Amino acid sequence: MLKTEDLNYFMLVAKHGGFSAASKVSNVDVATLSRAIARLEAELNCSLFRRTTRKVELTPEGKIFASDVQKSLQTLSDAREKINNLKDTPHGKLRVNAASSFILHALSPLVKPFLDTYPHIEIELTADDTVVDLLEKKSDVAIRIGTLEDSSLKSKLIGRSPLSLVASPEYLSNYGMPQTAEDLLQHCYLGFQNAAHLNILRFDKAPTLTPYILASNGEVLRQLCLAGNGIAYLSHFMIYQDLEQGRLVPLLQNLTREPNDRERIQAVYYNTTVLPTRIRAFIDFISQHVKL
């Protein structure tokens with residue numbers, strides 16, 4: 001009899017093109033994966049993979065099997081969710097992935113009220129500052145900022161978080177307040193390291209700015225900005241308290257072009273027939289309570 005666990009391991013190896021790669025993303029040792037494939041091949045009496053010293057690839061039989069297994073596993077997953085959805089209370093582990101700045105400033109304040117409302121849900125937060133594969137990260141839902149490119153996922157717009165060009169009072173005291181977009185060329189611009197598109201100002205006729213300091217995520221840029229290192233272009237959800245308390249000052253607000261694609265905050269999840277109640281509850285809750 002084919003075991004569901006073996007089928008899942010088979011799909012991991014097929015997706016990642018090898019036992020080592022599958023082991024790395026799943027934290028399942030290579031020996032376990034190899035034994036699972038051996039059991040399947042013995043049960044089916046055929047080879048599912050061609051193995052060479054350099055790569056592992058599906059045989060023609062393996063490709064046919066993989067296509068049907070994927071559909072079967074999805075059907076099984078949907079059947080389980082249908083049963084779970086019959087219960088009144090959302091429950092189970094909810095794995096959420098988002099940028100570190102969004103977790104710190106937008107999600108963290110909502111965790112306790114969310115769990116108070118849904119005490120049977122266990123929440124697991126993972127911070128990633130790049131777009132991730134939900135399957136590889138074992139995530140149920142991710143919060144993504146800006147334009148989505150992966151059409152295999154479903155999404156729901158949570159809201160829009162305006163962008164602001166900001167600096168600390170200390171920095172402005174030392175270097176002066178920019179009056180025009182061109183003045184920014186004379187200032188210290190703080191930018192994202194591995195996402196150059198996030199450094200482009202959503203201004204009409206905006207100058208091209210070369211970052212003076214690069215950082216891997218928005219929270220580091222915020223801290224650099226607060227410490228007087230320069231000017232940063234950041235989302236409102238992470239700086240609204242700084243603006244309210246005067247730690248940061250908005251610049252050239254009249255030039256910002258709205259709406260723009262960088263403002264979009266979206267929840268993305270698998271395109272399944274049945275959306276688990278825990279995911280629906282989470283998305284609905286943050287849509288109503290998050291401050292953007």
# chains A, B, ... in the order shown; residues from 1 in each chain; ligands from 1
call {"tool": "residues_around", "arguments": {"residues": "A:Asn194", "least_positions_apart": "3", "cutoff": "10 Å", "atoms": "only C-alpha atoms", "output": "PyMOL selection string"}}
result
chain A and resi 129-130+191+197-198+214-217
call {"tool": "write_last_selection", "arguments": {"atoms": "N, CA, C and O atoms", "output": "tab-separated table (two decimals), in the first residue's frame"}}
result
chain	number	residue	atom	x	y	z
A	129	ASP	N	13.01	38.68	4.13
A	129	ASP	CA	12.99	39.97	3.46
A	129	ASP	C	13.10	39.84	1.95
A	129	ASP	O	13.32	40.82	1.25
A	130	THR	N	12.92	38.62	1.44
A	130	THR	CA	12.79	38.39	0.01
A	130	THR	C	11.54	37.56	-0.22
A	130	THR	O	11.02	36.92	0.71
A	191	GLY	N	19.31	53.10	1.16
A	191	GLY	CA	18.55	52.25	0.27
A	191	GLY	C	18.62	50.76	0.58
A	191	GLY	O	19.42	50.31	1.39
A	197	HIS	N	14.58	48.12	-6.97
A	197	HIS	CA	13.30	48.76	-7.34
A	197	HIS	C	12.65	49.46	-6.15
A	197	HIS	O	11.84	50.37	-6.33
A	198	LEU	N	13.00	49.05	-4.92
A	198	LEU	CA	12.43	49.70	-3.74
A	198	LEU	C	13.08	51.06	-3.47
A	198	LEU	O	12.58	51.82	-2.65
A	214	LEU	N	23.55	50.97	2.08
A	214	LEU	CA	22.60	49.93	1.70
A	214	LEU	C	22.33	49.03	2.90
A	214	LEU	O	23.22	48.75	3.71
A	215	ALA	N	21.10	48.54	3.01
A	215	ALA	CA	20.73	47.62	4.09
A	215	ALA	C	19.80	46.55	3.53
A	215	ALA	O	19.14	46.75	2.51
A	216	SER	N	19.74	45.41	4.21
A	216	SER	CA	18.99	44.27	3.70
A	216	SER	C	17.50	44.34	3.96
A	216	SER	O	16.73	43.62	3.34
A	217	ASN	N	17.07	45.18	4.90
A	217	ASN	CA	15.63	45.26	5.18
A	217	ASN	C	15.23	46.64	5.69
A	217	ASN	O	16.08	47.46	6.07
call {"tool": "residues_around", "arguments": {"residues": "A:Lys15", "least_positions_apart": "6", "cutoff": "12 Å", "atoms": "only C-alpha atoms", "output": "PyMOL selection string"}}
result
chain A and resi 8-9+21-23+25-26+56-58+62-63+66-67+70+135-136
call {"tool": "atom_distance", "arguments": {"atom1": "atom CA of A:Val166", "atom2": "atom CA of A:Leu110"}}
result
25.8 Å
call {"tool": "residues_around", "arguments": {"residues": "A:Asn260", "least_positions_apart": "4", "cutoff": "10 Å", "atoms": "only C-alpha atoms", "output": "list in words"}}
result
Gly146, Thr147, Arg160, Pro162, Leu163, Arg202, Phe203, Thr256 and Arg264 of chain A
call {"tool": "residues_around", "arguments": {"residues": "A:His105", "least_positions_apart": "4", "cutoff": "8 Å", "atoms": "only C-alpha atoms", "output": "PyMOL selection string"}}
result
chain A and resi 101+109+237-238
call {"tool": "atom_distance", "arguments": {"atom1": "atom CA of A:Ile145", "atom2": "atom CA of A:Gly246"}}
result
25.7 Å
call {"tool": "select_by_dssp", "arguments": {"residues": "stretch 96-160 of chain A", "states": "strand (DSSP E)", "output": "list of chain:residue names"}}
result
A:Val96, A:Asn97, A:Ala98, A:Ile121, A:Glu122, A:Ile123, A:Glu124, A:Leu125, A:Thr126, A:Ala127, A:Val141, A:Ala142, A:Ile143, A:Arg144, A:Ile145, A:Leu153, A:Lys154, A:Ser155, A:Lys156, A:Leu157, A:Ile158, A:Gly159, A:Arg160
call {"tool": "residues_around", "arguments": {"residues": "stretch 232-236 of chain A", "least_positions_apart": "6", "cutoff": "10 Å", "atoms": "only C-alpha atoms", "output": "MDAnalysis selection string"}}
result
chainID A and resid 101:102 145 160:168 188:192 198:202 211 218:219 221:222 224:226 242:243 250:251 262:263 291:292
call {"tool": "select_by_dssp", "arguments": {"residues": "stretch 10-231 of chain A", "states": "helix (DSSP H, G or I)", "output": "PyMOL selection string"}}
result
chain A and resi 10-16+19-26+30-44+60-85+100-117+169-175+182-186+196-199+218-226
call {"tool": "atom_distance", "arguments": {"atom1": "atom CA of A:Val274", "atom2": "atom CA of A:Leu2"}}
result
24.8 Å
call {"tool": "residues_around", "arguments": {"residues": "A:Arg51", "least_positions_apart": "6", "cutoff": "12 Å", "atoms": "only C-alpha atoms", "output": "MDAnalysis selection string"}}
result
chainID A and resid 13 17:19 34 57:59
call {"tool": "closest_residue", "arguments": {"among": "A:Val111, A:Leu255, A:Ala227, A:Ala106", "to": "A:Lys205", "atoms": "only C-alpha atoms"}}
result
A:Leu255
